[in-house]
Amino acid sequence: MAGLYITTLYFVMQQTFFFTIPLLIVALGGMFSERAGIVNIALEGKMLLGAFTSIFFINQVQNSGAALDGHALLLVALLVAAATGVIAGLFHAYATISLNANQIISGVAINMFAPAFAIYIARIFGDTQQVFFTNNFRIESVPFFGSIPFIGPLFFQNTYFTTYLGFVILAVSTFVIYRTKFGLRLRACGEHPHAADSVGVNVYKIRYAGVLISGALAGMGGLIFIIPTAVAFNATVSGYGFLALAVLIFGAWRPQRILFAAFFFGLLQAVAAGHSGIAFLRDLRIPMQFYQMVPFVATLVVLAITSTKSTKNAAPKAVGQPYDKGTR
Amino acid sequence: MKKLLAVLLMAALVLAACGSPAPAPAPAAPATDAPAADAADAAPDAADGIRIALVTDYGTIDDGSFNQGSWEGVVAFAGPRGIGHEYFQPAEVSDAAYIDAIGLAISVGAEIVVTPGFLFGAAVYEAQELWPEVNFVLIDSQPNMDGNTHIADNTVAVLYAEQESGFLAGYAAVMEGHRSLGFIGGIPVPAVVLFGTGFVEGAEFAASELGLAAGEVTINYAYAGTFSPSPEVQTMAASWYAEGVEIIFAAAGGAGFSVMAAADAANALVIGVDIDQAGASDTVITSALKGLQASVYNVLEDWAAGNFPGGQAKVYGAALNGVGLPMATSRFQNFTQAQYDAIFAQLASGSITLSTTLGADAHMGLGVELVEIVAIG
């Protein structure tokens with residue numbers, strides 16, 4: 001019996017990463033933009049665009065019979081996704097930073113544009129809106145690490161290298177935000193751009209950088225989101241861009257808290273979605289809708305409990321405000 | 001920067017002006033194999049006499065789905081008989097554009113118009129009154145608008161006996177040797193409910209033929225609540241596979257792609273739906289089909305013989321080749337063509353009666369004795 005529980009634990013943990021890692025990466029992307037002072041409600045659209053171009057790229061490469069395959073292909077596809085996110089970010093940045101457009105409206109525009117674009121292009125090149133791909137990227141068991149008792153099945157089996165990439169991105173992001181000159185300037189532009197400007201920081205450049213990094217991470221998150229969860233891209237990322245935005249806020253715009261938020265939410269999602277295959281949960285005979293509700297209710301509760309003065313005031317002060325040199 | 005933009009805009013305008021053809025744009029262009037199809041292409045065909053027209057749903061004629069299946073039925077019928085046929089692609093997805101395209105087809109001589117897909121419900125509802133002398137074939141739906149359903153005498157609504165298709169899938173899965181099955185429906189709309197109840201009854205039928213003990217075959221049964229792929233659907237399917245489910249019938253549209261992803265990771269199997277999904281993933285062992293081609297062919301045959309079955313909804317089951325499994329592309333190892341033919345003949349003869357009860361709980365009222373349904377809801 002204990003054996004059964006332990007396999008269930010392994011299963012839930014492996015599934016958790018399929019939810020957590022994309023949320024983590026996309027929320028970190030949101031962090032770069034918002035800490036620089038630009039609201040990024042366009043995460044959903046950028047995720048979708050990144051997923052579309054990269055899956056389309058994988059589809060074309062696989063159909064062409066090119067030698068590129070496996071992890072090399074996934075790596076190149078990640079670059080394609082990142083580049084797509086950067087381009088989408090450019091639009092967002094140009095509208096909001098150079099033209100002082102309303103940041104919400106610009107973001108919503110990208111969100112509306114993205115699925116339409118994906119369907120349109122998919123139909124031009126293929127016949128349906130689905131873009132199929134063959135998943136050759138899964139790692140059954142990571143060499144050496146996968147065979148460690150307990151730890152192996154928990155973290156190193158039925159996985160993708162993108163899982164570890166997510167943690168690398170987390171580490172690098174934390175370092176950049178808190179330990180580099182760029183990070184300091186980025187945070188300054190989100191808190192008090194005039195102060196930053198007064199000491200010679202080019203607010204526009206820094207904000208551009210923030211939004212473009214954000215686009216790259218969101219695009220990659222889109223690809224990482226799709227790969228383990230479907231055999232085709234169907235012009236949707238199921239609202240996970242918006243969830244990532246929620247994770248960003250739940251995570252109080254700070255990398256470690258974002259990790260916690262993404263993991264917490266991902267774990268509950270995995271349990272909720274997987275409960276019907278977990279005997280002791282299924283036997284409770286609780287309606288499915290209840291399980292589907294749990295991640296959201298639990299997040300609310302945790303938010304209410306852990307919320308302190310510092311997290312309440314965690315939002316970057318200048319987020320959402322176009323930078324105008326003339327105002328005080 | 002601004003100057004450059006202005007120059008580019010000018011260039012675009014000039015190019016656009018050069019590109020547009022002299023005649024006024026038609027509301028819908030009859031699509032032919034030639035890439036630059038426009039209304040002019042239809043003219044020579046019209047002289048030959050287009051009698052059968054198909055108006056595509058959203059998507060192209062080779063969409064591997066409803067349009068293609070229906071068009072193949074048209075071609076299979078009209079080609080050998082030398083009857084003029086053509087397809088028309090609406091300018092956009094809207095009732096008005098659909099009616100325009102139907103009107104265009106009729107203006108070049110079409111006497112019967114095939115419209116594949118439930119999106120045509122409202123367009124055909126109007127068109128059947130606008131052109132009473134023309135026949136309409138509405139696939140997989142009934143003419144309806146604002147909750148009113150009316151099939152005029154010049155229209156036939158082609159429906160499919162999904163329960164028979166699901167029955168074949170369930171039967172094949174158990175005969176293949178699987179005992180632990182699963183069903184994931186999208187949303188309990190009528191077609192999905194019938195696929196599911198048929199699947200259960202098919203498994204029950206096979207279990208009884210094989211003399212299995214009660215409870216030996218189990219079916220996990222759930223509705224995903226979506227027709228889109230999502231990580232939640234993937235995790236649900238993965239949890240079933242992890243628990244020992246060997247094969248899942250995914251009657252869930254795009255959500256099926258997430259079931260396939262789970263099957264891929266678990267080295268398990270999926271049964272596809274509507275069309276042959278063998279190409280979507282190697283995990284698809286077979287698909288519960290709707291026989292688009294056969295049904296369109298059959299209606300056209302009746303029409304040509306002067307027996308157009310107007311004014312009614314015609315349900316295509318095994319008897320009319322309206323359902324089936326694509327045995328040629330199926331990946332069965334034990335289930336044979338002979339076994340398939342035998343069960344198909346039984347279905348076709350009408351000796352097996354299946355539930356047609358609708359509703360999200362329909363599977364609970366089937367009264368199956370051998371199959372244990374593990375309902376998840």
# chains A, B, ... in the order shown; residues from 1 in each chain; ligands from 1
>>> residues_around(residues="Ala270 (chain A)", least_positions_apart="2", cutoff="8 Å", atoms="only C-alpha atoms", output="VMD selection string")
(chain A and resid 12 to 13 15 to 16 19 266 to 268 272 to 274) or (chain B and resid 232 235)
>>> write_last_selection(atoms="N, CA and C atoms", output="PDB file, in the first residue's frame")
ATOM      1  N   VAL A  12       2.446  12.529  -9.351  1.00  0.00           N
ATOM      2  CA  VAL A  12       1.972  13.898  -9.148  1.00  0.00           C
ATOM      3  C   VAL A  12       3.120  14.888  -9.325  1.00  0.00           C
ATOM      4  N   MET A  13       4.293  14.528  -8.787  1.00  0.00           N
ATOM      5  CA  MET A  13       5.423  15.447  -8.902  1.00  0.00           C
ATOM      6  C   MET A  13       5.841  15.633 -10.356  1.00  0.00           C
ATOM      7  N   GLN A  15       3.996  15.339 -12.979  1.00  0.00           N
ATOM      8  CA  GLN A  15       2.979  16.145 -13.671  1.00  0.00           C
ATOM      9  C   GLN A  15       3.060  17.607 -13.236  1.00  0.00           C
ATOM     10  N   THR A  16       3.395  17.811 -11.949  1.00  0.00           N
ATOM     11  CA  THR A  16       3.452  19.182 -11.423  1.00  0.00           C
ATOM     12  C   THR A  16       4.379  20.054 -12.256  1.00  0.00           C
ATOM     13  N   PHE A  19       3.042  21.836 -15.258  1.00  0.00           N
ATOM     14  CA  PHE A  19       2.294  23.066 -14.990  1.00  0.00           C
ATOM     15  C   PHE A  19       3.229  24.171 -14.504  1.00  0.00           C
ATOM     16  N   GLY A 266       0.964  24.842  -9.434  1.00  0.00           N
ATOM     17  CA  GLY A 266       1.159  23.695 -10.317  1.00  0.00           C
ATOM     18  C   GLY A 266       0.854  22.377  -9.622  1.00  0.00           C
ATOM     19  N   LEU A 267       1.285  22.269  -8.361  1.00  0.00           N
ATOM     20  CA  LEU A 267       1.048  21.053  -7.591  1.00  0.00           C
ATOM     21  C   LEU A 267      -0.453  20.812  -7.426  1.00  0.00           C
ATOM     22  N   LEU A 268      -1.170  21.869  -7.050  1.00  0.00           N
ATOM     23  CA  LEU A 268      -2.605  21.707  -6.855  1.00  0.00           C
ATOM     24  C   LEU A 268      -3.309  21.391  -8.178  1.00  0.00           C
ATOM     25  N   ALA A 272      -5.505  18.168  -8.844  1.00  0.00           N
ATOM     26  CA  ALA A 272      -6.886  18.369  -9.279  1.00  0.00           C
ATOM     27  C   ALA A 272      -7.158  17.633 -10.584  1.00  0.00           C
ATOM     28  N   ALA A 273      -6.243  17.780 -11.539  1.00  0.00           N
ATOM     29  CA  ALA A 273      -6.476  17.171 -12.852  1.00  0.00           C
ATOM     30  C   ALA A 273      -6.257  15.669 -12.807  1.00  0.00           C
ATOM     31  N   GLY A 274      -5.396  15.212 -11.896  1.00  0.00           N
ATOM     32  CA  GLY A 274      -5.068  13.797 -11.870  1.00  0.00           C
ATOM     33  C   GLY A 274      -5.850  12.990 -10.847  1.00  0.00           C
TER      34      GLY A 274
ATOM     35  N   GLU B 232      -4.493  20.058 -18.239  1.00  0.00           N
ATOM     36  CA  GLU B 232      -5.388  19.343 -17.318  1.00  0.00           C
ATOM     37  C   GLU B 232      -5.859  18.027 -17.942  1.00  0.00           C
ATOM     38  N   THR B 235      -3.020  15.568 -17.927  1.00  0.00           N
ATOM     39  CA  THR B 235      -2.774  14.990 -16.599  1.00  0.00           C
ATOM     40  C   THR B 235      -3.860  13.978 -16.237  1.00  0.00           C
TER      41      THR B 235
END
>>> interface_residues(of="chain B", to="chain A", cutoff="6 Å", atoms="only C-alpha atoms", output="PyMOL selection string")
chain B and resi 63+231-232+234-236+239-240+243+257-258+261+377
>>> write_last_selection(atoms="N, CA and C atoms", output="CSV table (one decimal), in the first residue's frame")
chain,number,residue,atom,x,y,z
B,63,ASP,N,-9.0,19.7,-45.9
B,63,ASP,CA,-8.8,19.9,-44.5
B,63,ASP,C,-8.6,18.6,-43.7
B,231,PRO,N,-3.2,21.1,-20.5
B,231,PRO,CA,-2.4,20.3,-19.6
B,231,PRO,C,-3.3,19.5,-18.6
B,232,GLU,N,-4.5,20.1,-18.2
B,232,GLU,CA,-5.4,19.3,-17.3
B,232,GLU,C,-5.9,18.0,-17.9
B,234,GLN,N,-4.3,16.4,-20.3
B,234,GLN,CA,-3.2,15.5,-20.3
B,234,GLN,C,-2.9,14.8,-19.0
B,235,THR,N,-3.0,15.6,-17.9
B,235,THR,CA,-2.8,15.0,-16.6
B,235,THR,C,-3.9,14.0,-16.2
B,236,MET,N,-5.1,14.3,-16.6
B,236,MET,CA,-6.2,13.3,-16.3
B,236,MET,C,-5.9,12.0,-17.0
B,239,SER,N,-3.0,10.2,-15.5
B,239,SER,CA,-3.3,9.5,-14.3
B,239,SER,C,-4.0,8.2,-14.5
B,240,TRP,N,-4.8,8.2,-15.5
B,240,TRP,CA,-5.5,6.9,-15.8
B,240,TRP,C,-4.5,5.9,-16.3
B,243,GLU,N,-2.5,4.4,-13.7
B,243,GLU,CA,-3.2,3.5,-12.8
B,243,GLU,C,-3.5,2.1,-13.5
B,257,PHE,N,-5.9,15.5,-28.5
B,257,PHE,CA,-4.4,15.7,-28.7
B,257,PHE,C,-3.7,15.6,-27.4
B,258,SER,N,-4.3,16.0,-26.3
B,258,SER,CA,-3.7,16.0,-25.0
B,258,SER,C,-3.7,14.5,-24.5
B,261,ALA,N,-0.9,12.8,-26.1
B,261,ALA,CA,0.4,13.2,-25.5
B,261,ALA,C,0.6,12.3,-24.3
B,377,GLY,N,-17.0,12.3,-12.0
B,377,GLY,CA,-17.7,13.5,-12.4
B,377,GLY,C,-17.9,14.4,-11.2
>>> residues_around(residues="Gly147 (chain B)", least_positions_apart="2", cutoff="12 Å", atoms="only C-alpha atoms", output="compact mmCIF listing (two decimals) with N, CA and C atoms, in the first residue's frame")
# COMPACT_ATOMS: atom_id res chain seq x y z
N GLY B 121 -26.08 25.43 -40.11
CA GLY B 121 -27.47 25.30 -39.67
C GLY B 121 -28.34 26.49 -40.05
N ALA B 122 -27.88 27.69 -39.70
CA ALA B 122 -28.70 28.88 -39.94
C ALA B 122 -28.74 29.25 -41.42
N TYR B 125 -31.06 27.01 -43.17
CA TYR B 125 -32.42 27.33 -42.73
C TYR B 125 -33.02 28.43 -43.62
N GLN B 142 -29.06 19.98 -38.32
CA GLN B 142 -30.39 20.22 -38.89
C GLN B 142 -30.54 21.71 -39.09
N PRO B 143 -31.27 22.13 -40.16
CA PRO B 143 -31.43 23.56 -40.38
C PRO B 143 -32.11 24.18 -39.16
N ASN B 144 -31.48 25.20 -38.60
CA ASN B 144 -32.07 25.78 -37.41
C ASN B 144 -31.66 27.23 -37.29
N MET B 145 -32.55 28.00 -36.68
CA MET B 145 -32.22 29.40 -36.42
C MET B 145 -32.98 29.83 -35.18
N THR B 149 -36.13 24.61 -35.45
CA THR B 149 -35.60 23.66 -36.41
C THR B 149 -36.66 23.35 -37.44
N HIS B 150 -36.28 23.46 -38.71
CA HIS B 150 -37.25 23.16 -39.76
C HIS B 150 -36.51 22.59 -40.96
>>> atom_distance(atom1="CA of Leu243 (chain A)", atom2="CA of Ala27 (chain A)")
8.6 Å
>>> select_by_dssp(residues="region 11-198 of chain A", states="strand (DSSP E or B)", output="list in words")
Val131, Phe132, Ile139, Glu140, Ser141, Gln157, Asn158 and Thr159 of chain A
>>> write_last_selection(atoms="C-alpha atoms", output="mmCIF file, in the first residue's frame")
data_model
loop_
_atom_site.group_PDB
_atom_site.id
_atom_site.type_symbol
_atom_site.label_atom_id
_atom_site.label_comp_id
_atom_site.auth_asym_id
_atom_site.auth_seq_id
_atom_site.Cartn_x
_atom_site.Cartn_y
_atom_site.Cartn_z
ATOM 1 C CA VAL A 131 0.130 22.106 -36.204
ATOM 2 C CA PHE A 132 1.302 18.587 -35.433
ATOM 3 C CA ILE A 139 13.636 12.082 -21.200
ATOM 4 C CA GLU A 140 12.563 8.743 -19.756
ATOM 5 C CA SER A 141 15.215 8.930 -17.087
ATOM 6 C CA GLN A 157 12.212 10.685 -14.658
ATOM 7 C CA ASN A 158 9.595 11.351 -17.353
ATOM 8 C CA THR A 159 10.930 14.841 -17.773
#
>>> residues_around(residues="Ala360 (chain B)", least_positions_apart="5", cutoff="12 Å", atoms="only C-alpha atoms", output="JSON, numbers by chain")
{"B": [185, 186, 187, 188, 189, 190, 191, 192, 193, 194, 196, 197, 221, 222, 223, 224, 225, 365, 375, 376, 377]}
>>> write_last_selection(atoms="N, CA and C atoms", output="PDB file, in the first residue's frame")
ATOM      1  N   GLY B 185     -14.806  12.193 -22.877  1.00  0.00           N
ATOM      2  CA  GLY B 185     -15.596  12.985 -23.816  1.00  0.00           C
ATOM      3  C   GLY B 185     -15.242  14.447 -23.649  1.00  0.00           C
ATOM      4  N   GLY B 186     -15.576  15.247 -24.645  1.00  0.00           N
ATOM      5  CA  GLY B 186     -15.323  16.676 -24.519  1.00  0.00           C
ATOM      6  C   GLY B 186     -16.361  17.290 -23.597  1.00  0.00           C
ATOM      7  N   ILE B 187     -17.485  17.644 -24.175  1.00  0.00           N
ATOM      8  CA  ILE B 187     -18.609  18.191 -23.433  1.00  0.00           C
ATOM      9  C   ILE B 187     -19.800  17.297 -23.775  1.00  0.00           C
ATOM     10  N   PRO B 188     -20.666  16.970 -22.811  1.00  0.00           N
ATOM     11  CA  PRO B 188     -21.747  16.023 -23.117  1.00  0.00           C
ATOM     12  C   PRO B 188     -22.809  16.554 -24.075  1.00  0.00           C
ATOM     13  N   VAL B 189     -22.399  16.947 -25.259  1.00  0.00           N
ATOM     14  CA  VAL B 189     -23.354  17.271 -26.325  1.00  0.00           C
ATOM     15  C   VAL B 189     -23.824  15.944 -26.923  1.00  0.00           C
ATOM     16  N   PRO B 190     -24.955  15.923 -27.650  1.00  0.00           N
ATOM     17  CA  PRO B 190     -25.516  14.642 -28.086  1.00  0.00           C
ATOM     18  C   PRO B 190     -24.524  13.706 -28.775  1.00  0.00           C
ATOM     19  N   ALA B 191     -23.752  14.207 -29.732  1.00  0.00           N
ATOM     20  CA  ALA B 191     -22.856  13.319 -30.472  1.00  0.00           C
ATOM     21  C   ALA B 191     -21.851  12.646 -29.529  1.00  0.00           C
ATOM     22  N   VAL B 192     -21.317  13.407 -28.586  1.00  0.00           N
ATOM     23  CA  VAL B 192     -20.304  12.866 -27.675  1.00  0.00           C
ATOM     24  C   VAL B 192     -20.936  11.854 -26.714  1.00  0.00           C
ATOM     25  N   VAL B 193     -22.127  12.171 -26.213  1.00  0.00           N
ATOM     26  CA  VAL B 193     -22.818  11.246 -25.306  1.00  0.00           C
ATOM     27  C   VAL B 193     -23.038   9.903 -26.003  1.00  0.00           C
ATOM     28  N   LEU B 194     -23.465   9.966 -27.265  1.00  0.00           N
ATOM     29  CA  LEU B 194     -23.763   8.726 -27.990  1.00  0.00           C
ATOM     30  C   LEU B 194     -22.497   7.931 -28.293  1.00  0.00           C
ATOM     31  N   GLY B 196     -20.015   7.789 -26.392  1.00  0.00           N
ATOM     32  CA  GLY B 196     -19.650   7.186 -25.110  1.00  0.00           C
ATOM     33  C   GLY B 196     -20.526   6.008 -24.737  1.00  0.00           C
ATOM     34  N   THR B 197     -21.838   6.169 -24.848  1.00  0.00           N
ATOM     35  CA  THR B 197     -22.715   5.062 -24.460  1.00  0.00           C
ATOM     36  C   THR B 197     -22.535   3.885 -25.413  1.00  0.00           C
ATOM     37  N   TYR B 221     -14.766   6.709 -16.918  1.00  0.00           N
ATOM     38  CA  TYR B 221     -15.672   7.467 -17.783  1.00  0.00           C
ATOM     39  C   TYR B 221     -15.749   8.904 -17.288  1.00  0.00           C
ATOM     40  N   ALA B 222     -15.325   9.832 -18.125  1.00  0.00           N
ATOM     41  CA  ALA B 222     -15.348  11.239 -17.678  1.00  0.00           C
ATOM     42  C   ALA B 222     -15.518  12.185 -18.855  1.00  0.00           C
ATOM     43  N   TYR B 223     -16.027  13.354 -18.558  1.00  0.00           N
ATOM     44  CA  TYR B 223     -16.056  14.444 -19.533  1.00  0.00           C
ATOM     45  C   TYR B 223     -15.007  15.473 -19.133  1.00  0.00           C
ATOM     46  N   ALA B 224     -14.205  15.878 -20.119  1.00  0.00           N
ATOM     47  CA  ALA B 224     -13.115  16.810 -19.828  1.00  0.00           C
ATOM     48  C   ALA B 224     -13.637  18.227 -19.623  1.00  0.00           C
ATOM     49  N   GLY B 225     -14.790  18.525 -20.191  1.00  0.00           N
ATOM     50  CA  GLY B 225     -15.331  19.877 -20.078  1.00  0.00           C
ATOM     51  C   GLY B 225     -14.755  20.830 -21.107  1.00  0.00           C
ATOM     52  N   GLY B 365     -27.215   4.892 -16.952  1.00  0.00           N
ATOM     53  CA  GLY B 365     -28.491   4.198 -17.076  1.00  0.00           C
ATOM     54  C   GLY B 365     -28.489   3.090 -18.108  1.00  0.00           C
ATOM     55  N   ALA B 375     -17.341   5.881 -12.942  1.00  0.00           N
ATOM     56  CA  ALA B 375     -17.754   7.212 -13.360  1.00  0.00           C
ATOM     57  C   ALA B 375     -16.984   8.270 -12.597  1.00  0.00           C
ATOM     58  N   ILE B 376     -16.495   9.231 -13.327  1.00  0.00           N
ATOM     59  CA  ILE B 376     -15.773  10.333 -12.705  1.00  0.00           C
ATOM     60  C   ILE B 376     -16.512  11.612 -13.043  1.00  0.00           C
ATOM     61  N   GLY B 377     -16.981  12.293 -12.027  1.00  0.00           N
ATOM     62  CA  GLY B 377     -17.728  13.496 -12.357  1.00  0.00           C
ATOM     63  C   GLY B 377     -17.885  14.401 -11.163  1.00  0.00           C
TER      64      GLY B 377
END
>>> closest_residue(among="A:Ile25, A:Ala318, A:Leu165, A:Val211", to="Ala195 (chain A)", atoms="only C-alpha atoms")
A:Ala318
>>> closest_residue(among="A:Phe167, A:Phe137, A:Tyr10, A:Tyr160", to="Gln256 (chain A)", atoms="only C-alpha atoms")
A:Phe167
>>> residues_around(residues="region 175-180 of chain A", least_positions_apart="6", cutoff="12 Å", atoms="only C-alpha atoms", output="JSON, numbers by chain")
{"A": [28, 29, 31, 32, 33, 35, 36, 168, 169, 186, 187, 188, 210, 213, 253, 254, 255, 256]}
>>> select_by_dssp(residues="region 6-79 of chain A", states="alpha helix (DSSP H)", output="PyMOL selection string")
chain A and resi 6-35+43-64+70-79
>>> write_last_selection(atoms="C-alpha atoms", output="PDB file, in the first residue's frame")
ATOM      1  CA  ILE A   6       4.841   6.540  -3.320  1.00  0.00           C
ATOM      2  CA  THR A   7       4.187   5.914  -7.046  1.00  0.00           C
ATOM      3  CA  THR A   8       1.281   8.336  -6.807  1.00  0.00           C
ATOM      4  CA  LEU A   9       3.636  10.867  -5.275  1.00  0.00           C
ATOM      5  CA  TYR A  10       6.109  10.353  -8.114  1.00  0.00           C
ATOM      6  CA  PHE A  11       3.356  10.720 -10.666  1.00  0.00           C
ATOM      7  CA  VAL A  12       1.972  13.898  -9.148  1.00  0.00           C
ATOM      8  CA  MET A  13       5.423  15.447  -8.902  1.00  0.00           C
ATOM      9  CA  GLN A  14       6.268  14.643 -12.513  1.00  0.00           C
ATOM     10  CA  GLN A  15       2.979  16.145 -13.671  1.00  0.00           C
ATOM     11  CA  THR A  16       3.452  19.182 -11.423  1.00  0.00           C
ATOM     12  CA  PHE A  17       6.459  20.264 -13.435  1.00  0.00           C
ATOM     13  CA  PHE A  18       4.385  20.349 -16.628  1.00  0.00           C
ATOM     14  CA  PHE A  19       2.294  23.066 -14.990  1.00  0.00           C
ATOM     15  CA  THR A  20       4.936  24.766 -12.884  1.00  0.00           C
ATOM     16  CA  ILE A  21       7.805  25.293 -15.286  1.00  0.00           C
ATOM     17  CA  PRO A  22       5.905  27.232 -17.997  1.00  0.00           C
ATOM     18  CA  LEU A  23       4.169  29.292 -15.308  1.00  0.00           C
ATOM     19  CA  LEU A  24       7.527  29.999 -13.688  1.00  0.00           C
ATOM     20  CA  ILE A  25       9.276  31.048 -16.881  1.00  0.00           C
ATOM     21  CA  VAL A  26       6.407  33.186 -18.159  1.00  0.00           C
ATOM     22  CA  ALA A  27       5.882  34.826 -14.764  1.00  0.00           C
ATOM     23  CA  LEU A  28       9.603  35.614 -14.589  1.00  0.00           C
ATOM     24  CA  GLY A  29       9.191  37.158 -18.017  1.00  0.00           C
ATOM     25  CA  GLY A  30       6.346  39.250 -16.652  1.00  0.00           C
ATOM     26  CA  MET A  31       8.591  40.252 -13.791  1.00  0.00           C
ATOM     27  CA  PHE A  32      11.236  41.763 -16.081  1.00  0.00           C
ATOM     28  CA  SER A  33       8.631  43.856 -17.806  1.00  0.00           C
ATOM     29  CA  GLU A  34       6.739  44.988 -14.740  1.00  0.00           C
ATOM     30  CA  ARG A  35       9.800  45.696 -12.612  1.00  0.00           C
ATOM     31  CA  LEU A  43       1.942  37.388 -21.707  1.00  0.00           C
ATOM     32  CA  GLU A  44      -0.811  35.140 -23.019  1.00  0.00           C
ATOM     33  CA  GLY A  45      -0.427  36.434 -26.566  1.00  0.00           C
ATOM     34  CA  LYS A  46       3.344  36.226 -26.501  1.00  0.00           C
ATOM     35  CA  MET A  47       3.212  32.685 -25.133  1.00  0.00           C
ATOM     36  CA  LEU A  48       0.824  31.730 -27.893  1.00  0.00           C
ATOM     37  CA  LEU A  49       2.907  33.336 -30.642  1.00  0.00           C
ATOM     38  CA  GLY A  50       6.095  31.762 -29.326  1.00  0.00           C
ATOM     39  CA  ALA A  51       4.433  28.360 -29.146  1.00  0.00           C
ATOM     40  CA  PHE A  52       3.034  28.752 -32.628  1.00  0.00           C
ATOM     41  CA  THR A  53       6.195  29.708 -34.488  1.00  0.00           C
ATOM     42  CA  SER A  54       8.362  27.200 -32.659  1.00  0.00           C
ATOM     43  CA  ILE A  55       5.935  24.293 -33.046  1.00  0.00           C
ATOM     44  CA  PHE A  56       5.508  25.267 -36.669  1.00  0.00           C
ATOM     45  CA  PHE A  57       9.283  25.265 -36.998  1.00  0.00           C
ATOM     46  CA  ILE A  58       9.495  21.808 -35.422  1.00  0.00           C
ATOM     47  CA  ASN A  59       6.716  20.609 -37.719  1.00  0.00           C
ATOM     48  CA  GLN A  60       8.534  21.863 -40.824  1.00  0.00           C
ATOM     49  CA  VAL A  61      11.892  20.437 -39.776  1.00  0.00           C
ATOM     50  CA  GLN A  62      10.396  17.058 -38.917  1.00  0.00           C
ATOM     51  CA  ASN A  63       8.480  16.904 -42.185  1.00  0.00           C
ATOM     52  CA  SER A  64      11.496  17.903 -44.230  1.00  0.00           C
ATOM     53  CA  GLY A  70      15.760  15.518 -30.458  1.00  0.00           C
ATOM     54  CA  HIS A  71      17.254  17.965 -28.030  1.00  0.00           C
ATOM     55  CA  ALA A  72      19.140  19.923 -30.667  1.00  0.00           C
ATOM     56  CA  LEU A  73      15.859  20.615 -32.441  1.00  0.00           C
ATOM     57  CA  LEU A  74      14.157  21.573 -29.190  1.00  0.00           C
ATOM     58  CA  LEU A  75      16.998  23.957 -28.414  1.00  0.00           C
ATOM     59  CA  VAL A  76      16.725  25.682 -31.790  1.00  0.00           C
ATOM     60  CA  ALA A  77      12.934  25.776 -31.424  1.00  0.00           C
ATOM     61  CA  LEU A  78      13.380  27.495 -28.061  1.00  0.00           C
ATOM     62  CA  LEU A  79      15.429  30.169 -29.802  1.00  0.00           C
TER      63      LEU A  79
END
>>> residues_around(residues="Ile219 (chain B)", least_positions_apart="3", cutoff="6 Å", atoms="only C-alpha atoms", output="list in words")
Leu181, Gly182, Ile373 and Val374 of chain B
>>> residues_around(residues="Phe77 (chain B)", least_positions_apart="5", cutoff="8 Å", atoms="only C-alpha atoms", output="PDB file with C-alpha atoms, in the first residue's frame")
ATOM      1  CA  TYR B 297     -22.610   9.514 -52.050  1.00  0.00           C
ATOM      2  CA  LEU B 300     -26.581  12.022 -54.287  1.00  0.00           C
ATOM      3  CA  GLU B 301     -27.514   8.592 -55.582  1.00  0.00           C
TER       4      GLU B 301
END
>>> atom_distance(atom1="CA of Asn135 (chain B)", atom2="CA of Phe308 (chain B)")
8.2 Å
>>> atom_distance(atom1="CA of Tyr98 (chain B)", atom2="CA of Gln128 (chain B)")
12.7 Å
